[in-house]
Structure formats: structure tokens, C-alpha cells
>>> print(open('work28.cif').read())   # mmCIF, C-alpha atoms
data_upload
loop_
_atom_site.label_atom_id
_atom_site.label_comp_id
_atom_site.auth_asym_id
_atom_site.auth_seq_id
_atom_site.Cartn_x
_atom_site.Cartn_y
_atom_site.Cartn_z
CA MET A 1 17.45 10.85 -8.33
CA LEU A 2 13.70 10.96 -8.91
CA LEU A 3 12.75 11.58 -5.28
CA HIS A 4 15.54 13.84 -4.03
CA GLY A 5 14.23 15.80 -1.04
CA LYS A 6 10.86 14.03 -0.91
CA ARG A 7 9.53 13.14 2.54
CA ILE A 8 7.61 9.89 2.45
CA VAL A 9 5.49 7.85 4.86
CA ILE A 10 4.76 4.21 4.03
CA THR A 11 2.25 2.12 5.99
CA GLY A 12 2.78 -1.61 5.89
CA GLY A 13 6.35 -0.52 5.41
CA VAL A 14 8.39 -3.43 6.75
CA THR A 15 7.11 -6.28 4.57
CA GLY A 16 6.19 -6.96 0.96
CA ILE A 17 5.34 -4.01 -1.26
CA GLY A 18 5.82 -1.49 1.55
CA ARG A 19 9.33 -2.67 2.34
CA ALA A 20 10.34 -2.83 -1.33
CA SER A 21 8.94 0.67 -1.83
CA ALA A 22 10.82 2.08 1.16
CA LEU A 23 14.09 0.70 -0.20
CA ALA A 24 13.43 1.93 -3.75
CA MET A 25 12.47 5.39 -2.54
CA ALA A 26 15.48 5.74 -0.25
CA GLY A 27 17.65 4.70 -3.17
CA ASN A 28 16.08 7.50 -5.20
CA GLY A 29 16.95 10.19 -2.66
CA ALA A 30 13.88 10.28 -0.40
CA SER A 31 13.63 10.45 3.37
CA VAL A 32 11.33 7.67 4.57
CA VAL A 33 9.38 6.77 7.68
CA THR A 34 7.93 3.27 7.64
CA MET A 35 4.90 2.38 9.74
CA SER A 36 3.44 -0.95 10.81
CA ARG A 37 2.18 -2.81 13.84
CA SER A 38 5.80 -3.80 14.57
CA ALA A 39 7.59 -1.90 17.33
CA PRO A 40 10.63 0.16 16.25
CA GLU A 41 12.92 -2.10 18.26
CA SER A 42 11.60 -5.27 16.61
CA GLU A 43 14.04 -7.13 14.40
CA ARG A 44 11.88 -6.66 11.32
CA ALA A 45 11.60 -2.88 11.70
CA ALA A 46 15.20 -2.38 12.77
CA THR A 47 16.44 -4.36 9.76
CA VAL A 48 14.46 -2.19 7.35
CA VAL A 49 15.65 1.09 8.89
CA SER A 50 19.24 -0.15 8.80
CA ALA A 51 18.87 -1.04 5.12
CA LEU A 52 17.41 2.39 4.37
CA ARG A 53 20.36 4.12 6.01
CA GLU A 54 22.76 2.09 3.90
CA LEU A 55 20.94 3.11 0.71
CA GLY A 56 20.31 6.79 1.27
CA SER A 57 21.49 9.90 3.05
CA GLY A 58 18.08 11.19 4.16
CA SER A 59 16.22 10.82 7.45
CA PHE A 60 14.85 7.37 8.25
CA ALA A 61 12.78 5.90 11.08
CA HIS A 62 10.06 3.40 11.90
CA VAL A 63 6.89 4.28 13.82
CA GLN A 64 4.49 1.76 15.31
CA VAL A 65 0.83 2.31 14.41
CA ASP A 66 -2.57 0.68 14.48
CA VAL A 67 -4.20 2.04 11.33
CA THR A 68 -7.68 1.10 12.59
CA LYS A 69 -7.56 3.71 15.36
CA GLN A 70 -7.61 7.36 14.32
CA ASP A 71 -5.92 8.70 17.44
CA HIS A 72 -3.05 6.23 16.98
CA VAL A 73 -2.71 7.25 13.34
CA ASP A 74 -2.70 10.97 14.11
CA ALA A 75 -0.04 10.52 16.79
CA ALA A 76 2.07 8.33 14.50
CA PHE A 77 1.99 10.92 11.72
CA ASP A 78 2.95 13.66 14.15
CA GLU A 79 5.91 11.49 15.16
CA ALA A 80 6.82 10.94 11.50
CA VAL A 81 6.75 14.68 10.82
CA ALA A 82 9.07 15.25 13.78
CA VAL A 83 11.57 13.11 11.85
CA LEU A 84 10.85 14.28 8.31
CA GLY A 85 9.81 17.90 8.78
CA GLY A 86 6.70 17.38 6.65
CA ILE A 87 5.00 14.86 4.37
CA ASP A 88 5.15 15.02 0.58
CA VAL A 89 4.05 11.47 -0.19
CA LEU A 90 1.96 8.78 1.51
CA VAL A 91 1.98 5.17 0.37
CA SER A 92 -0.85 3.38 2.17
CA SER A 93 -0.09 -0.30 1.69
CA ALA A 94 -1.02 -1.86 5.05
CA GLY A 95 -3.36 -4.77 4.54
CA ILE A 96 -4.53 -8.23 5.51
CA GLU A 97 -5.95 -10.90 3.25
CA GLN A 98 -8.82 -13.26 3.89
CA GLN A 99 -10.40 -16.14 1.98
CA LYS A 100 -13.58 -17.60 3.38
CA PRO A 101 -16.89 -18.86 1.96
CA THR A 102 -19.34 -15.99 2.16
CA GLU A 103 -21.91 -17.98 4.15
CA ASN A 104 -19.28 -18.58 6.84
CA LEU A 105 -18.31 -14.93 7.32
CA LEU A 106 -18.52 -13.73 10.89
CA GLU A 107 -19.23 -10.21 12.09
CA SER A 108 -15.60 -10.03 13.20
CA ASP A 109 -14.38 -10.94 9.70
CA LEU A 110 -16.26 -8.03 8.16
CA TYR A 111 -15.23 -5.55 10.82
CA GLU A 112 -11.57 -6.55 10.53
CA GLN A 113 -11.44 -6.21 6.75
CA PHE A 114 -13.21 -2.86 6.67
CA ALA A 115 -11.28 -1.54 9.67
CA VAL A 116 -7.85 -2.25 8.18
CA HIS A 117 -8.58 -1.36 4.57
CA VAL A 118 -11.31 1.29 4.52
CA LEU A 119 -10.81 2.96 7.89
CA GLY A 120 -7.05 2.49 7.71
CA THR A 121 -6.95 4.18 4.32
CA ALA A 122 -9.23 7.00 5.43
CA PHE A 123 -7.39 7.66 8.69
CA THR A 124 -3.90 7.65 7.16
CA ASN A 125 -5.00 9.78 4.22
CA ALA A 126 -6.62 12.31 6.54
CA ALA A 127 -3.49 12.46 8.68
CA ALA A 128 -1.30 13.08 5.63
CA PHE A 129 -3.77 15.67 4.34
CA ARG A 130 -3.27 17.77 7.48
CA TYR A 131 0.36 18.28 6.46
CA MET A 132 -0.12 18.43 2.69
CA LYS A 133 -2.91 21.02 2.57
CA PRO A 134 -0.95 23.95 4.08
CA VAL A 135 1.86 23.57 1.52
CA GLY A 136 -0.46 23.02 -1.44
CA GLN A 137 1.03 19.78 -2.73
CA GLY A 138 1.25 16.06 -2.08
CA SER A 139 0.88 12.62 -3.59
CA ILE A 140 -1.15 9.81 -2.03
CA VAL A 141 -0.84 6.23 -3.27
CA ASN A 142 -3.46 3.87 -1.86
CA TYR A 143 -3.39 0.11 -2.29
CA SER A 144 -6.46 -1.81 -3.35
CA SER A 145 -6.54 -5.25 -4.97
CA TYR A 146 -7.51 -7.20 -8.03
CA ALA A 147 -10.30 -8.56 -5.78
CA GLY A 148 -11.73 -5.05 -5.48
CA VAL A 149 -12.35 -4.90 -9.23
CA VAL A 150 -13.33 -8.39 -10.39
CA THR A 151 -15.20 -11.26 -8.77
CA MET A 152 -13.04 -13.50 -6.60
CA PRO A 153 -14.82 -16.45 -4.93
CA GLN A 154 -14.47 -16.58 -1.14
CA MET A 155 -13.26 -12.98 -1.02
CA ALA A 156 -16.52 -11.15 -0.34
CA ALA A 157 -15.30 -9.25 2.72
CA TYR A 158 -11.81 -8.57 1.39
CA GLY A 159 -13.06 -7.62 -2.08
CA ALA A 160 -15.76 -5.31 -0.73
CA ALA A 161 -13.27 -3.55 1.52
CA LYS A 162 -10.76 -3.14 -1.31
CA ALA A 163 -13.49 -1.80 -3.61
CA GLY A 164 -14.12 0.78 -0.91
CA VAL A 165 -10.49 1.87 -1.13
CA ILE A 166 -10.93 2.54 -4.86
CA ALA A 167 -14.08 4.61 -4.32
CA TYR A 168 -12.52 6.58 -1.47
CA THR A 169 -9.39 7.36 -3.47
CA ARG A 170 -11.34 8.68 -6.45
CA VAL A 171 -13.41 10.94 -4.22
CA ILE A 172 -10.40 12.52 -2.52
CA ALA A 173 -8.66 12.92 -5.88
CA GLN A 174 -11.59 15.07 -6.97
CA GLU A 175 -11.97 16.97 -3.70
CA TRP A 176 -8.29 17.55 -2.97
CA GLY A 177 -7.08 18.09 -6.52
CA PRO A 178 -7.78 21.85 -6.38
CA LEU A 179 -5.53 21.94 -3.30
CA GLY A 180 -2.61 20.46 -5.24
CA ILE A 181 -2.92 16.98 -3.74
CA ARG A 182 -2.94 13.96 -6.04
CA ALA A 183 -4.37 10.54 -5.15
CA ASN A 184 -4.08 7.33 -7.13
CA VAL A 185 -4.92 3.72 -6.34
CA VAL A 186 -2.92 0.63 -7.26
CA CYS A 187 -4.19 -2.91 -7.82
CA PRO A 188 -1.19 -5.24 -7.62
CA ALA A 189 -0.74 -8.89 -8.46
CA VAL A 190 2.60 -9.56 -6.83
CA HIS A 191 4.05 -12.27 -4.63
CA THR A 192 4.36 -11.10 -1.02
CA GLU A 193 4.64 -12.63 2.44
CA LEU A 194 0.84 -12.66 2.62
CA ALA A 195 0.67 -14.69 -0.56
CA GLU A 196 3.43 -16.99 0.67
CA THR A 197 1.48 -17.75 3.84
CA TRP A 198 -1.65 -18.40 1.83
CA TYR A 199 0.12 -20.80 -0.55
CA SER A 200 1.83 -22.66 2.29
CA GLU A 201 -1.57 -23.59 3.71
CA MET A 202 -2.87 -25.06 0.42
CA SER A 203 -3.15 -28.69 -0.49
CA PRO A 204 -1.03 -29.82 -3.46
CA GLU A 205 -4.20 -30.06 -5.54
CA LYS A 206 -5.26 -26.51 -4.70
CA SER A 207 -1.75 -25.22 -5.36
CA ALA A 208 -1.79 -26.81 -8.81
CA GLU A 209 -5.21 -25.30 -9.48
CA ILE A 210 -3.98 -21.82 -8.56
CA ALA A 211 -0.87 -22.21 -10.71
CA ALA A 212 -3.04 -23.12 -13.71
CA TRP A 213 -5.33 -20.17 -12.99
CA LYS A 214 -2.40 -17.73 -12.90
CA GLN A 215 -1.14 -19.13 -16.17
CA ALA A 216 -4.54 -18.49 -17.71
CA VAL A 217 -5.20 -14.96 -16.42
CA ILE A 218 -1.75 -13.31 -16.41
CA PRO A 219 -0.79 -12.87 -20.07
CA LEU A 220 2.67 -11.43 -19.54
CA THR A 221 4.33 -14.11 -17.41
CA GLY A 222 1.67 -16.54 -16.25
CA ASP A 223 2.69 -15.77 -12.68
CA LEU A 224 2.62 -13.05 -10.05
CA GLY A 225 5.10 -10.21 -10.13
CA LYS A 226 7.62 -9.18 -7.48
CA PRO A 227 7.20 -6.53 -4.76
CA GLU A 228 9.90 -4.55 -6.58
CA ASP A 229 7.56 -4.22 -9.58
CA ALA A 230 5.04 -2.37 -7.42
CA ALA A 231 7.83 -0.41 -5.73
CA ASN A 232 9.01 0.96 -9.07
CA LEU A 233 5.47 2.12 -9.82
CA ASN A 234 5.32 3.80 -6.41
CA VAL A 235 8.53 5.69 -7.16
CA PHE A 236 6.91 7.04 -10.32
CA LEU A 237 3.65 7.98 -8.57
CA ALA A 238 5.60 9.70 -5.80
CA SER A 239 7.75 11.64 -8.23
CA ASP A 240 7.08 14.82 -10.17
CA MET A 241 7.04 12.71 -13.34
CA SER A 242 3.42 11.84 -12.48
CA SER A 243 2.46 15.41 -11.56
CA PHE A 244 -0.57 15.48 -13.90
CA MET A 245 -1.90 12.08 -12.84
CA THR A 246 -4.64 11.70 -10.26
CA GLY A 247 -7.77 9.66 -9.61
CA GLN A 248 -6.40 6.72 -11.57
CA LEU A 249 -6.63 3.00 -10.89
CA VAL A 250 -3.33 1.48 -11.96
CA GLY A 251 -2.80 -2.25 -12.32
CA ILE A 252 0.66 -3.70 -11.80
CA ASP A 253 -0.45 -7.18 -12.67
CA GLY A 254 1.06 -8.57 -15.85
CA GLY A 255 -2.18 -7.83 -17.69
CA MET A 256 -4.48 -9.65 -15.27
CA LEU A 257 -7.20 -6.99 -15.24
CA MET A 258 -7.07 -6.75 -19.03
CA ALA A 259 -7.42 -10.53 -19.35
CA ARG A 260 -10.61 -10.51 -17.29
#
>>> encode(input="work28.cif", output="C-alpha cells")
Amino acid sequence: MLLHGKRIVITGGVTGIGRASALAMAGNGASVVTMSRSAPESERAATVVSALRELGSGSFAHVQVDVTKQDHVDAAFDEAVAVLGGIDVLVSSAGIEQQKPTENLLESDLYEQFAVHVLGTAFTNAAAFRYMKPVGQGSIVNYSSYAGVVTMPQMAAYGAAKAGVIAYTRVIAQEWGPLGIRANVVCPAVHTELAETWYSEMSPEKSAEIAAWKQAVIPLTGDLGKPEDAANLNVFLASDMSSFMTGQLVGIDGGMLMAR
């Protein structure tokens, strides 16, 4: 098992990439605490924790958190450590998507995107760092987006916030590397609940346009990947197999970044 004995915290851990990662990591021997805005007693969180316990023999729990508030994050990580005994790996995958013409962006749109993605990344990374620094090791996996690298119309706020995640991750990789802490950033192109909601709101014409666009820009399959594709990458980045890898932007996108 690649992650035997690893203690892992995953934000955004009950849906999409976070959920798939939690399951893959538990199946590889890790103990996992998922975090999200969902309460532990919610059906969504309880279902994930139950599935983790069926897959693995480690310690598993769910902790409610608002990643935009540092005191909430710090308290949530203290609660996670009470379950795990420490933190070896953080997967920061909490996120919200937004598409809106730039001229229509409101102050609240900008604050929301930067609060969840930039502040949320910074607060969760800092909380994990408190537990990783004393033991001289750790792996942080932050989630950005294709929109943080290339131009995506109507994604000015989202893209700018996700670009900030990339910059932040590279800085901490340099600063924390001498302390034994690795940090990498992932840009996925996978089908999640967020994408499903977005597609469900499209007109048939827009849906056909997006399908043609995916066919043109994703060389490998012409379509988005699965959350499990990103989860498998997260297992690698969490494991000792990636022990000499830090500060890297990794696309799990069927070649989308290459095609652009």
C-alpha cells in the first residue's frame, strides 16, 4: 500500500475530486479526515466516512469547516489532529466555480472567489504547516484550474483566484522545501458535481458548443476525465514515490494544457 500509515486531511472532501481522493487514499492504507462545509451528521459526510471505514483500517472522520475564516480552519485542523495524531499530507481541493461576463462582476463575486480559493488555500496550508514543520516532513497538494493558466472567457474572477493558488504554491514550495515540506499544484480537467451543475443550466446550443470545444482541446479523449483520475495523481503526490517533487504544476487534463 502506497500510503500505509500516512495521515491525510482533504478539504472539499465529500464531493468530486476530494471524495474520490479520500476513497483512493483510504484504499492505499491512509488515515483520512475529510473537511467541507457539510456537518459531520449530514448524509453526504456520513456516507463518505462510512465508505472510508469499509475500505481501510485507519482512523476516519469528517470535520466541518469554513475555509475562508482562519480561526475556523485552525480549529478544524486541531480537531483533525485529535483524530489522526498528526498531519503528513494535505489535499486542498475545496472550490467553487463561476462564469460571468467581466463587466457584470460584482464586488461580492470577487471577494467570494478570492476568499475560497486564495485565502482558503493559504489558511489550510498554514494550518497544516503548524503540524508538518516540527516533524520535518509533509506533502501539500493544492488545486488550481485550467482557467488559472490559460484565458477562459467569463472566468476573470475564478481564473485570477486560481492563478493566485499557483503563485502561492510555488512560493511555499521554495520557502518550506528546506524544512522537508513539499508543495505541488494540480490543474484538473475532470467531470465533477460542479461541472454537472454548470452543464445542466446550459441551453442545448451551448452544450453542443462546449462538447465541440472539448473535442478540439483535449487530445487524449475529447472529453473531461473522471474524479478518480485526479485521485490517482493525489495518491502519487501524497506518497514517498514523489519525494523529490515540489513546486510543480501538474495537469491531469488529457493534454488540454499542451493543446493550448
>>> resolve_selection(input="work28.cif", expression="the PyMOL selection byres ((chain A and resi 233-239) around 9)", output="PyMOL selection string")
chain A and resi 2-3+6+8+21+24-25+28+88-91+138-141+184+186+228-232+240-243+245+252
>>> resolve_selection(input="work28.cif", expression="the PyMOL selection byres ((chain A and resi 84) around 9)", output="PyMOL selection string")
chain A and resi 7-8+31-33+58-60+79-83+85-87
>>> closest_residue(input="work28.cif", among="A:Thr169, A:Gln174, A:Gln99, A:Thr246", to="Glu201 in chain A", atoms="all atoms listed in the file")
A:Gln99
>>> closest_residue(input="work28.cif", among="A:Ile96, A:Ala76, A:Ala46, A:Ala167", to="Thr192 in chain A", atoms="only C-alpha atoms")
A:Ile96
>>> residues_around(input="work28.cif", residues="His117 in chain A", least_positions_apart="3", cutoff="9 Å", atoms="all atoms listed in the file", output="list in words")
Val67, Thr68, Ala94, Gly95, Ile96, Glu112, Gln113, Phe114, Gly120, Thr121, Ala122, Tyr143, Ser144, Tyr158, Ala161, Lys162, Gly164 and Val165 of chain A
>>> closest_residue(input="work28.cif", among="A:Gln70, A:Glu103, A:Ala30, A:Ala75", to="Leu119 in chain A", atoms="all atoms listed in the file")
A:Gln70
>>> atom_distance(input="work28.cif", atom1="CA of Val63 in chain A", atom2="CA of Ala147 in chain A")
29.1 Å
>>> closest_residue(input="work28.cif", among="A:Ile172, A:Leu179, A:Tyr146, A:Ala163", to="Asp253 in chain A", atoms="all atoms listed in the file")
A:Tyr146
>>> closest_residue(input="work28.cif", among="A:Arg53, A:Lys214, A:His4, A:Arg44", to="Leu23 in chain A", atoms="all atoms listed in the file")
A:Arg53
>>> atom_distance(input="work28.cif", atom1="CA of Gly180 in chain A", atom2="CA of Lys133 in chain A")
7.8 Å
